[in-house]
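> The structure follows.
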Protein chains: 2
Amino acid sequence: MAYELYYWTGIQGRGEYIRLALEAAGAPYRDVAREDGDGVIARVSKEVATPSFAPPFLRDGDVVVGQVAAILLYLGDKLDLAPKASRQKLWTHQIQLTIADFVLEGHDVHHPIGAGEYYENQKPESQRRAREFREERVPKFLDWFEGILTRNPEGPAHLVGDRLSYADLSLFQVMDGLTYAFPKLMSGLGERYPSVRALCSAVAEHPKIGAYLASKRRLPGNEHDLFRHYPELDGRR
Amino acid sequence: MAYELYYWTGIQGRGEYIRLALEAAGAPYRDVAREDGDGVIARVSKEVATPSFAPPFLRDGDVVVGQVAAILLYLGDKLDLAPKASRQKLWTHQIQLTIADFVLEGHDVHHPIGAGEYYENQKPESQRRAREFREERVPKFLDWFEGILTRNPEGPAHLVGDRLSYADLSLFQVMDGLTYAFPKLMSGLGERYPSVRALCSAVAEHPKIGAYLASKRRLPGNEHDLFRHYPELDGRR
């Protein structure tokens with residue numbers, strides 16, 4: 001039976017971390033709200049025994065699981081996108097949780113005062129927050145990712161072991177979002193993170209991911225998404 | 001061998017979610033930085049194969065794991081603080097991840113512009129963010145917790161199944177932090193969340209947790225912690 005992904009239409013958002021895993025594995029899935037409309041998310045949430053606080057959530061027969069990292073923990077086993085050994089599996093999950101933190105900070109740059117107020121009502125605050133994000137947080141996160149890649153005993157091609165995992169796919173997605181939202185910042189980083197960049201290129205060239213990225217299922221970035229391109233937040237060169 | 005917890009001294013912080021699990025299980029552990037100073041955190045991070053992006057992290061022999069939710073996923077098995085069945089185990093984890101989101105929002109109330117700037121430099125912004133937190137986010141999270149408690153097929157005494165899990169301990173800790181930081185808000189909620197409140201009272205009365213809370217190991221809340229009592233953020237009654 002096909003997996004069912006429940007996530008808002010119109011953006012990549014947090015649903016994209018799940019899509020990339022499903023696509024990389026060639027798993028059959030239904031992007032339910034894109035077929036049935038956003039209203040299905042609230043309807044299904046009311047019915048299930050384990051409702052997610054927020055989308056995305058995934059239904060696989062009787063199993064309904066929410067929270068990106070928990071969904072990927074589940075799918076990592078099912079789709080063979082994580083190591084089988086418990087210690088490596090936990091490390092993959094730890095990396096994913098750190099990516100989740102990074103994604104949230106990337107969102108909060110344009111909504112420091114809260115998600116309930118329009119960006120237009122928090123522009124000066126966003127510019128202050130963006131400065132710390134660009135100067136402190138992005139380098140700190142990318143230093144960490146570069147560091148764990150170069151320290152991987154199996155080589156820097158993957159975050160964990162010597163095979164593709166959901167963490168690799170998620171790191172690609174964050175870097176793609178950052179490049180969309182902060183093109184000046186990211187081009188200014190130049191060759192500072194060669195292992196991260198090589199990994200992201202390899203993910204983009206993965207046959208199934210490449211086909212997905214070229215398909216209509218992959219939505220372009222936009223200013224309703226987690227990562228938004230507001231030039232005023234990208235800073236001066 | 002005793003577990004080793006690495007976390008900043010002086011605050012409960014995110015380390016407290018781990019302490020509560022270790023204490024509830026009566027597990028032997030060393031709170032390393034409290035004995036050896038905060039410098040040990042950076043030193044050990046440099047040595048290990050799986051460095052955490054930030055504290056807390058836990059060492060259990062050869063295993064080093066960071067990220068609160070991942071540490072609890074690991075300890076849940078070891079300390080029998082999570083269901084054994086995979087679906088229930090995943091649900092416990094999903095709840096924990098939602099608690100982690102709530103905790104971060106509770107922190108960001110007093111640091112909307114970024115953790116790198118003093119609260120004193122972001123007070124008006126904090127007051128704006130606090131309003132949304134009090135009026136929208138706290139009720140939304142608490143509605144969800146109350147909802148999953150009342151929908152638990154085993155009864156509302158626990159978040160998952162009919163036994164104490166790390167998620168119960170963590171919900172206690174969030175509620176304790178909120179009550180410290182936002183006493184007016186929380187008392188204003190009155191009896192709106194009876195199942196959440198009953199669970200928190202039961203956790204506080206758990207013999208081992210009760211003994212811990214009365215010990216010197218339990219630090220009082222303070223204004224360096226995640227949850228901070230700034231009366232100006234607690235709003236009018």
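By convention here, the chains of the structure tokens are called A, B, ... in the order presented, each chain's residues are numbered starting at 1, and ligands are numbered starting at 1 in the order presented.
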Please identify all residues of chain A having at least one atom at most 9 Å from any atom of chain B, considering only C-alpha atoms, and return them as an MDAnalysis selection string.

chainID A and resid 49:53 63:67 69:71 73:74 87 90:91 93:95 97:98 108:109 111:117 125:126 128:130 132:133 136 140:141 144 148 151:153

> Would you give me, as a ChimeraX atom specification, the residues in chain A that DSSP reads as helix (DSSP H, G or I)?

/A:15-24,32-36,39-47,68-78,86-108,119-150,166-181,183-188,194-205,207-213,231-233

> Can you show chain B as a PDB file with C-alpha atoms, in the first residue's frame once it has been least-squares superposed onto chain A, using every C-alpha atom paired in order?


```
ATOM      1  CA  MET B   1       0.016  -0.009  -0.013  1.00  0.00           C
ATOM      2  CA  ALA B   2       1.224   3.487  -0.778  1.00  0.00           C
ATOM      3  CA  TYR B   3       2.447   5.708   2.027  1.00  0.00           C
ATOM      4  CA  GLU B   4       0.269   8.737   2.648  1.00  0.00           C
ATOM      5  CA  LEU B   5       2.015  12.043   3.326  1.00  0.00           C
ATOM      6  CA  TYR B   6      -0.052  14.812   4.898  1.00  0.00           C
ATOM      7  CA  TYR B   7       1.415  18.263   4.475  1.00  0.00           C
ATOM      8  CA  TRP B   8       0.333  21.716   3.364  1.00  0.00           C
ATOM      9  CA  THR B   9       0.097  22.356  -0.349  1.00  0.00           C
ATOM     10  CA  GLY B  10       2.034  25.110  -2.097  1.00  0.00           C
ATOM     11  CA  ILE B  11       5.378  24.850  -0.353  1.00  0.00           C
ATOM     12  CA  GLN B  12       8.230  22.403   0.084  1.00  0.00           C
ATOM     13  CA  GLY B  13       8.273  23.075   3.803  1.00  0.00           C
ATOM     14  CA  ARG B  14       8.912  20.325   6.289  1.00  0.00           C
ATOM     15  CA  GLY B  15       7.082  17.870   4.065  1.00  0.00           C
ATOM     16  CA  GLU B  16      10.006  17.978   1.671  1.00  0.00           C
ATOM     17  CA  TYR B  17      12.291  16.070   4.050  1.00  0.00           C
ATOM     18  CA  ILE B  18       9.809  13.207   3.878  1.00  0.00           C
ATOM     19  CA  ARG B  19       9.302  13.500   0.122  1.00  0.00           C
ATOM     20  CA  LEU B  20      13.037  13.269  -0.490  1.00  0.00           C
ATOM     21  CA  ALA B  21      13.245  10.034   1.492  1.00  0.00           C
ATOM     22  CA  LEU B  22      10.261   8.517  -0.288  1.00  0.00           C
ATOM     23  CA  GLU B  23      11.543   9.638  -3.688  1.00  0.00           C
ATOM     24  CA  ALA B  24      15.116   8.439  -3.099  1.00  0.00           C
ATOM     25  CA  ALA B  25      13.793   4.996  -2.225  1.00  0.00           C
ATOM     26  CA  GLY B  26      11.321   4.972  -5.097  1.00  0.00           C
ATOM     27  CA  ALA B  27       8.569   4.262  -2.574  1.00  0.00           C
ATOM     28  CA  PRO B  28       4.957   4.620  -3.714  1.00  0.00           C
ATOM     29  CA  TYR B  29       3.262   7.496  -1.899  1.00  0.00           C
ATOM     30  CA  ARG B  30       0.325   9.799  -2.107  1.00  0.00           C
ATOM     31  CA  ASP B  31       0.798  13.488  -1.315  1.00  0.00           C
ATOM     32  CA  VAL B  32      -2.692  13.609   0.113  1.00  0.00           C
ATOM     33  CA  ALA B  33      -3.395  17.334   0.521  1.00  0.00           C
ATOM     34  CA  ARG B  34      -2.128  18.037  -2.988  1.00  0.00           C
ATOM     35  CA  GLU B  35      -4.839  15.699  -4.236  1.00  0.00           C
ATOM     36  CA  ASP B  36      -7.618  16.318  -1.741  1.00  0.00           C
ATOM     37  CA  GLY B  37      -6.932  19.840  -0.479  1.00  0.00           C
ATOM     38  CA  ASP B  38      -5.499  21.175   2.789  1.00  0.00           C
ATOM     39  CA  GLY B  39      -8.749  20.476   4.659  1.00  0.00           C
ATOM     40  CA  VAL B  40      -7.927  16.771   4.725  1.00  0.00           C
ATOM     41  CA  ILE B  41      -5.131  17.432   7.233  1.00  0.00           C
ATOM     42  CA  ALA B  42      -7.473  18.600   9.996  1.00  0.00           C
ATOM     43  CA  ARG B  43     -10.059  15.946   9.169  1.00  0.00           C
ATOM     44  CA  VAL B  44      -7.617  13.058   9.404  1.00  0.00           C
ATOM     45  CA  SER B  45      -5.943  14.538  12.506  1.00  0.00           C
ATOM     46  CA  LYS B  46      -9.269  14.317  14.333  1.00  0.00           C
ATOM     47  CA  GLU B  47      -9.707  10.647  13.472  1.00  0.00           C
ATOM     48  CA  VAL B  48      -6.382   9.158  14.439  1.00  0.00           C
ATOM     49  CA  ALA B  49      -5.190   7.864  17.805  1.00  0.00           C
ATOM     50  CA  THR B  50      -1.795   9.548  17.502  1.00  0.00           C
ATOM     51  CA  PRO B  51      -2.508  13.030  16.109  1.00  0.00           C
ATOM     52  CA  SER B  52       0.446  15.160  15.137  1.00  0.00           C
ATOM     53  CA  PHE B  53       0.752  18.597  16.736  1.00  0.00           C
ATOM     54  CA  ALA B  54       1.384  19.952  13.242  1.00  0.00           C
ATOM     55  CA  PRO B  55       1.962  18.605   9.728  1.00  0.00           C
ATOM     56  CA  PRO B  56       3.727  16.767   8.245  1.00  0.00           C
ATOM     57  CA  PHE B  57       2.519  13.383   9.312  1.00  0.00           C
ATOM     58  CA  LEU B  58       2.697  10.078   7.537  1.00  0.00           C
ATOM     59  CA  ARG B  59       0.193   7.254   7.389  1.00  0.00           C
ATOM     60  CA  ASP B  60       1.405   3.762   6.655  1.00  0.00           C
ATOM     61  CA  GLY B  61      -1.584   1.493   7.139  1.00  0.00           C
ATOM     62  CA  ASP B  62      -2.350   1.585  10.864  1.00  0.00           C
ATOM     63  CA  VAL B  63       0.730   3.598  11.734  1.00  0.00           C
ATOM     64  CA  VAL B  64       0.353   7.385  11.865  1.00  0.00           C
ATOM     65  CA  VAL B  65       3.492   9.279  12.793  1.00  0.00           C
ATOM     66  CA  GLY B  66       4.274  12.982  12.970  1.00  0.00           C
ATOM     67  CA  GLN B  67       7.351  15.139  13.535  1.00  0.00           C
ATOM     68  CA  VAL B  68       9.841  15.086  10.670  1.00  0.00           C
ATOM     69  CA  ALA B  69      12.623  13.398  12.630  1.00  0.00           C
ATOM     70  CA  ALA B  70      10.293  10.701  13.970  1.00  0.00           C
ATOM     71  CA  ILE B  71       8.868  10.061  10.500  1.00  0.00           C
ATOM     72  CA  LEU B  72      12.389   9.683   9.129  1.00  0.00           C
ATOM     73  CA  LEU B  73      13.367   7.409  12.010  1.00  0.00           C
ATOM     74  CA  TYR B  74      10.457   5.210  10.980  1.00  0.00           C
ATOM     75  CA  LEU B  75      11.095   5.445   7.234  1.00  0.00           C
ATOM     76  CA  GLY B  76      14.842   4.980   7.649  1.00  0.00           C
ATOM     77  CA  ASP B  77      14.186   1.382   8.641  1.00  0.00           C
ATOM     78  CA  LYS B  78      11.435   0.723   6.155  1.00  0.00           C
ATOM     79  CA  LEU B  79      13.167   2.302   3.164  1.00  0.00           C
ATOM     80  CA  ASP B  80      16.704   1.247   4.059  1.00  0.00           C
ATOM     81  CA  LEU B  81      17.797   4.872   4.373  1.00  0.00           C
ATOM     82  CA  ALA B  82      19.578   4.479   7.700  1.00  0.00           C
ATOM     83  CA  PRO B  83      22.128   2.072   9.122  1.00  0.00           C
ATOM     84  CA  LYS B  84      20.773  -1.060  10.784  1.00  0.00           C
ATOM     85  CA  ALA B  85      23.223  -1.009  13.694  1.00  0.00           C
ATOM     86  CA  SER B  86      21.639   0.734  16.674  1.00  0.00           C
ATOM     87  CA  ARG B  87      24.515   3.083  17.433  1.00  0.00           C
ATOM     88  CA  GLN B  88      24.815   4.318  13.856  1.00  0.00           C
ATOM     89  CA  LYS B  89      21.047   4.556  13.599  1.00  0.00           C
ATOM     90  CA  LEU B  90      20.967   6.788  16.679  1.00  0.00           C
ATOM     91  CA  TRP B  91      23.779   8.956  15.319  1.00  0.00           C
ATOM     92  CA  THR B  92      21.851   9.413  12.061  1.00  0.00           C
ATOM     93  CA  HIS B  93      18.859  10.480  14.109  1.00  0.00           C
ATOM     94  CA  GLN B  94      20.927  12.877  16.195  1.00  0.00           C
ATOM     95  CA  ILE B  95      22.176  14.527  13.010  1.00  0.00           C
ATOM     96  CA  GLN B  96      18.598  14.809  11.742  1.00  0.00           C
ATOM     97  CA  LEU B  97      17.530  16.511  14.974  1.00  0.00           C
ATOM     98  CA  THR B  98      20.323  19.027  14.535  1.00  0.00           C
ATOM     99  CA  ILE B  99      19.151  19.662  10.977  1.00  0.00           C
ATOM    100  CA  ALA B 100      15.644  20.262  12.375  1.00  0.00           C
ATOM    101  CA  ASP B 101      17.062  22.907  14.710  1.00  0.00           C
ATOM    102  CA  PHE B 102      18.868  24.559  11.803  1.00  0.00           C
ATOM    103  CA  VAL B 103      15.686  24.583   9.695  1.00  0.00           C
ATOM    104  CA  LEU B 104      13.700  26.215  12.471  1.00  0.00           C
ATOM    105  CA  GLU B 105      16.329  28.919  12.906  1.00  0.00           C
ATOM    106  CA  GLY B 106      16.210  29.488   9.155  1.00  0.00           C
ATOM    107  CA  HIS B 107      12.471  30.052   9.434  1.00  0.00           C
ATOM    108  CA  ASP B 108      12.648  32.266  12.504  1.00  0.00           C
ATOM    109  CA  VAL B 109      14.929  34.697  10.668  1.00  0.00           C
ATOM    110  CA  HIS B 110      11.852  36.081   8.921  1.00  0.00           C
ATOM    111  CA  HIS B 111       9.466  35.550  11.850  1.00  0.00           C
ATOM    112  CA  PRO B 112      11.364  36.445  15.015  1.00  0.00           C
ATOM    113  CA  ILE B 113       8.306  37.994  16.671  1.00  0.00           C
ATOM    114  CA  GLY B 114       6.160  34.954  15.966  1.00  0.00           C
ATOM    115  CA  ALA B 115       4.643  32.961  13.135  1.00  0.00           C
ATOM    116  CA  GLY B 116       1.257  34.613  13.717  1.00  0.00           C
ATOM    117  CA  GLU B 117       2.334  38.031  12.449  1.00  0.00           C
ATOM    118  CA  TYR B 118       3.140  38.927   8.853  1.00  0.00           C
ATOM    119  CA  TYR B 119       6.747  39.405   7.858  1.00  0.00           C
ATOM    120  CA  GLU B 120       5.876  42.970   6.861  1.00  0.00           C
ATOM    121  CA  ASN B 121       5.143  43.675  10.525  1.00  0.00           C
ATOM    122  CA  GLN B 122       8.498  42.423  11.749  1.00  0.00           C
ATOM    123  CA  LYS B 123      10.999  43.566   9.137  1.00  0.00           C
ATOM    124  CA  PRO B 124      13.421  45.542  11.347  1.00  0.00           C
ATOM    125  CA  GLU B 125      13.429  42.694  13.867  1.00  0.00           C
ATOM    126  CA  SER B 126      14.056  40.206  11.065  1.00  0.00           C
ATOM    127  CA  GLN B 127      17.051  42.207   9.889  1.00  0.00           C
ATOM    128  CA  ARG B 128      18.557  42.084  13.369  1.00  0.00           C
ATOM    129  CA  ARG B 129      17.936  38.373  13.702  1.00  0.00           C
ATOM    130  CA  ALA B 130      19.230  37.710  10.180  1.00  0.00           C
ATOM    131  CA  ARG B 131      22.567  39.280  11.034  1.00  0.00           C
ATOM    132  CA  GLU B 132      23.187  36.836  13.866  1.00  0.00           C
ATOM    133  CA  PHE B 133      21.940  33.980  11.702  1.00  0.00           C
ATOM    134  CA  ARG B 134      24.320  34.853   8.851  1.00  0.00           C
ATOM    135  CA  GLU B 135      27.341  35.691  10.960  1.00  0.00           C
ATOM    136  CA  GLU B 136      27.103  33.239  13.837  1.00  0.00           C
ATOM    137  CA  ARG B 137      24.579  30.481  13.321  1.00  0.00           C
ATOM    138  CA  VAL B 138      25.094  29.449   9.693  1.00  0.00           C
ATOM    139  CA  PRO B 139      28.876  29.152  10.110  1.00  0.00           C
ATOM    140  CA  LYS B 140      28.437  27.281  13.390  1.00  0.00           C
ATOM    141  CA  PHE B 141      26.064  24.743  11.872  1.00  0.00           C
ATOM    142  CA  LEU B 142      28.082  24.349   8.663  1.00  0.00           C
ATOM    143  CA  ASP B 143      31.318  23.966  10.604  1.00  0.00           C
ATOM    144  CA  TRP B 144      29.661  21.143  12.501  1.00  0.00           C
ATOM    145  CA  PHE B 145      28.395  19.376   9.381  1.00  0.00           C
ATOM    146  CA  GLU B 146      31.742  19.754   7.635  1.00  0.00           C
ATOM    147  CA  GLY B 147      33.436  18.488  10.784  1.00  0.00           C
ATOM    148  CA  ILE B 148      31.366  15.338  11.131  1.00  0.00           C
ATOM    149  CA  LEU B 149      31.746  14.596   7.428  1.00  0.00           C
ATOM    150  CA  THR B 150      35.520  14.845   7.598  1.00  0.00           C
ATOM    151  CA  ARG B 151      35.578  12.752  10.779  1.00  0.00           C
ATOM    152  CA  ASN B 152      33.399   9.998   9.331  1.00  0.00           C
ATOM    153  CA  PRO B 153      35.656   6.905   9.506  1.00  0.00           C
ATOM    154  CA  GLU B 154      34.050   5.632   6.286  1.00  0.00           C
ATOM    155  CA  GLY B 155      34.978   8.806   4.411  1.00  0.00           C
ATOM    156  CA  PRO B 156      33.354  12.180   3.786  1.00  0.00           C
ATOM    157  CA  ALA B 157      30.935  11.091   1.051  1.00  0.00           C
ATOM    158  CA  HIS B 158      28.138  10.505   3.576  1.00  0.00           C
ATOM    159  CA  LEU B 159      27.223  11.783   7.012  1.00  0.00           C
ATOM    160  CA  VAL B 160      26.993   8.273   8.432  1.00  0.00           C
ATOM    161  CA  GLY B 161      28.772   5.182   7.148  1.00  0.00           C
ATOM    162  CA  ASP B 162      29.365   4.727   3.438  1.00  0.00           C
ATOM    163  CA  ARG B 163      25.799   4.770   2.154  1.00  0.00           C
ATOM    164  CA  LEU B 164      23.073   7.307   1.535  1.00  0.00           C
ATOM    165  CA  SER B 165      20.884   8.025   4.591  1.00  0.00           C
ATOM    166  CA  TYR B 166      17.938  10.297   5.180  1.00  0.00           C
ATOM    167  CA  ALA B 167      20.333  12.674   6.962  1.00  0.00           C
ATOM    168  CA  ASP B 168      22.258  13.176   3.714  1.00  0.00           C
ATOM    169  CA  LEU B 169      19.008  13.988   1.923  1.00  0.00           C
ATOM    170  CA  SER B 170      18.016  16.438   4.645  1.00  0.00           C
ATOM    171  CA  LEU B 171      21.365  18.211   4.609  1.00  0.00           C
ATOM    172  CA  PHE B 172      20.938  18.647   0.852  1.00  0.00           C
ATOM    173  CA  GLN B 173      17.509  20.156   1.463  1.00  0.00           C
ATOM    174  CA  VAL B 174      18.741  22.647   4.066  1.00  0.00           C
ATOM    175  CA  MET B 175      21.587  23.745   1.846  1.00  0.00           C
ATOM    176  CA  ASP B 176      19.223  24.117  -1.075  1.00  0.00           C
ATOM    177  CA  GLY B 177      16.899  26.248   1.060  1.00  0.00           C
ATOM    178  CA  LEU B 178      19.748  28.404   2.330  1.00  0.00           C
ATOM    179  CA  THR B 179      21.017  28.947  -1.200  1.00  0.00           C
ATOM    180  CA  TYR B 180      17.551  30.027  -2.277  1.00  0.00           C
ATOM    181  CA  ALA B 181      17.043  32.362   0.680  1.00  0.00           C
ATOM    182  CA  PHE B 182      20.553  33.724   1.123  1.00  0.00           C
ATOM    183  CA  PRO B 183      22.305  33.583  -2.254  1.00  0.00           C
ATOM    184  CA  LYS B 184      24.855  36.268  -1.348  1.00  0.00           C
ATOM    185  CA  LEU B 185      25.722  34.665   1.942  1.00  0.00           C
ATOM    186  CA  MET B 186      26.074  31.223   0.450  1.00  0.00           C
ATOM    187  CA  SER B 187      28.141  32.313  -2.519  1.00  0.00           C
ATOM    188  CA  GLY B 188      30.306  34.331  -0.127  1.00  0.00           C
ATOM    189  CA  LEU B 189      31.115  31.134   1.764  1.00  0.00           C
ATOM    190  CA  GLY B 190      32.832  29.923  -1.398  1.00  0.00           C
ATOM    191  CA  GLU B 191      34.816  26.732  -0.907  1.00  0.00           C
ATOM    192  CA  ARG B 192      34.748  26.834   2.843  1.00  0.00           C
ATOM    193  CA  TYR B 193      32.638  23.676   3.159  1.00  0.00           C
ATOM    194  CA  PRO B 194      33.907  21.330   0.437  1.00  0.00           C
ATOM    195  CA  SER B 195      32.598  18.099   1.961  1.00  0.00           C
ATOM    196  CA  VAL B 196      29.126  19.537   2.555  1.00  0.00           C
ATOM    197  CA  ARG B 197      29.021  20.846  -1.002  1.00  0.00           C
ATOM    198  CA  ALA B 198      30.247  17.589  -2.505  1.00  0.00           C
ATOM    199  CA  LEU B 199      27.607  15.662  -0.588  1.00  0.00           C
ATOM    200  CA  CYS B 200      24.871  18.022  -1.772  1.00  0.00           C
ATOM    201  CA  SER B 201      26.004  17.713  -5.387  1.00  0.00           C
ATOM    202  CA  ALA B 202      26.008  13.943  -5.092  1.00  0.00           C
ATOM    203  CA  VAL B 203      22.474  13.954  -3.683  1.00  0.00           C
ATOM    204  CA  ALA B 204      21.270  16.199  -6.522  1.00  0.00           C
ATOM    205  CA  GLU B 205      22.798  13.755  -8.991  1.00  0.00           C
ATOM    206  CA  HIS B 206      21.317  10.655  -7.381  1.00  0.00           C
ATOM    207  CA  PRO B 207      19.223   9.214 -10.242  1.00  0.00           C
ATOM    208  CA  LYS B 208      15.905   9.129  -8.400  1.00  0.00           C
ATOM    209  CA  ILE B 209      16.463  12.469  -6.660  1.00  0.00           C
ATOM    210  CA  GLY B 210      17.606  14.056  -9.902  1.00  0.00           C
ATOM    211  CA  ALA B 211      14.417  12.869 -11.594  1.00  0.00           C
ATOM    212  CA  TYR B 212      12.343  14.171  -8.703  1.00  0.00           C
ATOM    213  CA  LEU B 213      14.012  17.585  -8.718  1.00  0.00           C
ATOM    214  CA  ALA B 214      13.264  17.880 -12.444  1.00  0.00           C
ATOM    215  CA  SER B 215       9.623  16.863 -11.967  1.00  0.00           C
ATOM    216  CA  LYS B 216       6.585  19.000 -11.254  1.00  0.00           C
ATOM    217  CA  ARG B 217       6.316  17.354  -7.842  1.00  0.00           C
ATOM    218  CA  ARG B 218       9.275  19.471  -6.730  1.00  0.00           C
ATOM    219  CA  LEU B 219       7.834  22.922  -6.105  1.00  0.00           C
ATOM    220  CA  PRO B 220      10.093  25.939  -6.551  1.00  0.00           C
ATOM    221  CA  GLY B 221      11.041  27.963  -3.491  1.00  0.00           C
ATOM    222  CA  ASN B 222       8.656  30.776  -2.626  1.00  0.00           C
ATOM    223  CA  GLU B 223       7.950  33.371   0.046  1.00  0.00           C
ATOM    224  CA  HIS B 224       5.418  31.264   1.886  1.00  0.00           C
ATOM    225  CA  ASP B 225       7.970  28.560   2.541  1.00  0.00           C
ATOM    226  CA  LEU B 226      10.317  27.968   5.468  1.00  0.00           C
ATOM    227  CA  PHE B 227      13.264  29.435   3.581  1.00  0.00           C
ATOM    228  CA  ARG B 228      12.353  32.760   1.976  1.00  0.00           C
ATOM    229  CA  HIS B 229      14.347  35.030  -0.263  1.00  0.00           C
ATOM    230  CA  TYR B 230      14.050  38.516   1.144  1.00  0.00           C
ATOM    231  CA  PRO B 231      17.080  40.366  -0.257  1.00  0.00           C
ATOM    232  CA  GLU B 232      17.145  42.719   2.743  1.00  0.00           C
ATOM    233  CA  LEU B 233      17.905  39.735   5.011  1.00  0.00           C
ATOM    234  CA  ASP B 234      20.755  38.451   2.891  1.00  0.00           C
ATOM    235  CA  GLY B 235      23.083  41.267   3.933  1.00  0.00           C
ATOM    236  CA  ARG B 236      25.748  43.179   2.084  1.00  0.00           C
ATOM    237  CA  ARG B 237      28.536  41.587   0.122  1.00  0.00           C
TER     238      ARG B 237
END
```

> Could you please write out, as a list in words, every residue of segment 49-179 of chain A that DSSP assigns to strand (DSSP E)?

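So, restricting segment 49-179 of chain A to strand (DSSP E), we get Phe57, Leu58, Arg59, Asp60, Val63, Val64, Val65 and Gly66 of chain A.
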
> For the selection you just gave me, I'd like the residues written to a file as an mmCIF file, in the first residue's frame, keeping N, CA and C atoms.


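Contents of again.cif, freshly written:
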```
data_model
loop_
_atom_site.group_PDB
_atom_site.id
_atom_site.type_symbol
_atom_site.label_atom_id
_atom_site.label_comp_id
_atom_site.auth_asym_id
_atom_site.auth_seq_id
_atom_site.Cartn_x
_atom_site.Cartn_y
_atom_site.Cartn_z
ATOM 1 N N PHE A 57 2.578 14.730 8.712
ATOM 2 C CA PHE A 57 2.527 13.398 9.301
ATOM 3 C C PHE A 57 2.347 12.383 8.191
ATOM 4 N N LEU A 58 2.668 11.151 8.529
ATOM 5 C CA LEU A 58 2.694 10.080 7.535
ATOM 6 C C LEU A 58 1.776 8.973 8.005
ATOM 7 N N ARG A 59 1.000 8.446 7.074
ATOM 8 C CA ARG A 59 0.193 7.265 7.400
ATOM 9 C C ARG A 59 0.717 6.084 6.595
ATOM 10 N N ASP A 60 0.964 5.016 7.306
ATOM 11 C CA ASP A 60 1.399 3.768 6.662
ATOM 12 C C ASP A 60 0.520 2.673 7.245
ATOM 13 N N VAL A 63 -0.226 2.729 11.076
ATOM 14 C CA VAL A 63 0.737 3.609 11.737
ATOM 15 C C VAL A 63 0.535 5.038 11.251
ATOM 16 N N VAL A 64 0.393 5.966 12.195
ATOM 17 C CA VAL A 64 0.347 7.388 11.858
ATOM 18 C C VAL A 64 1.406 8.065 12.710
ATOM 19 N N VAL A 65 2.374 8.691 12.049
ATOM 20 C CA VAL A 65 3.488 9.282 12.797
ATOM 21 C C VAL A 65 3.745 10.698 12.310
ATOM 22 N N GLY A 66 3.986 11.591 13.264
ATOM 23 C CA GLY A 66 4.290 12.981 12.959
ATOM 24 C C GLY A 66 5.648 13.368 13.491
#
```
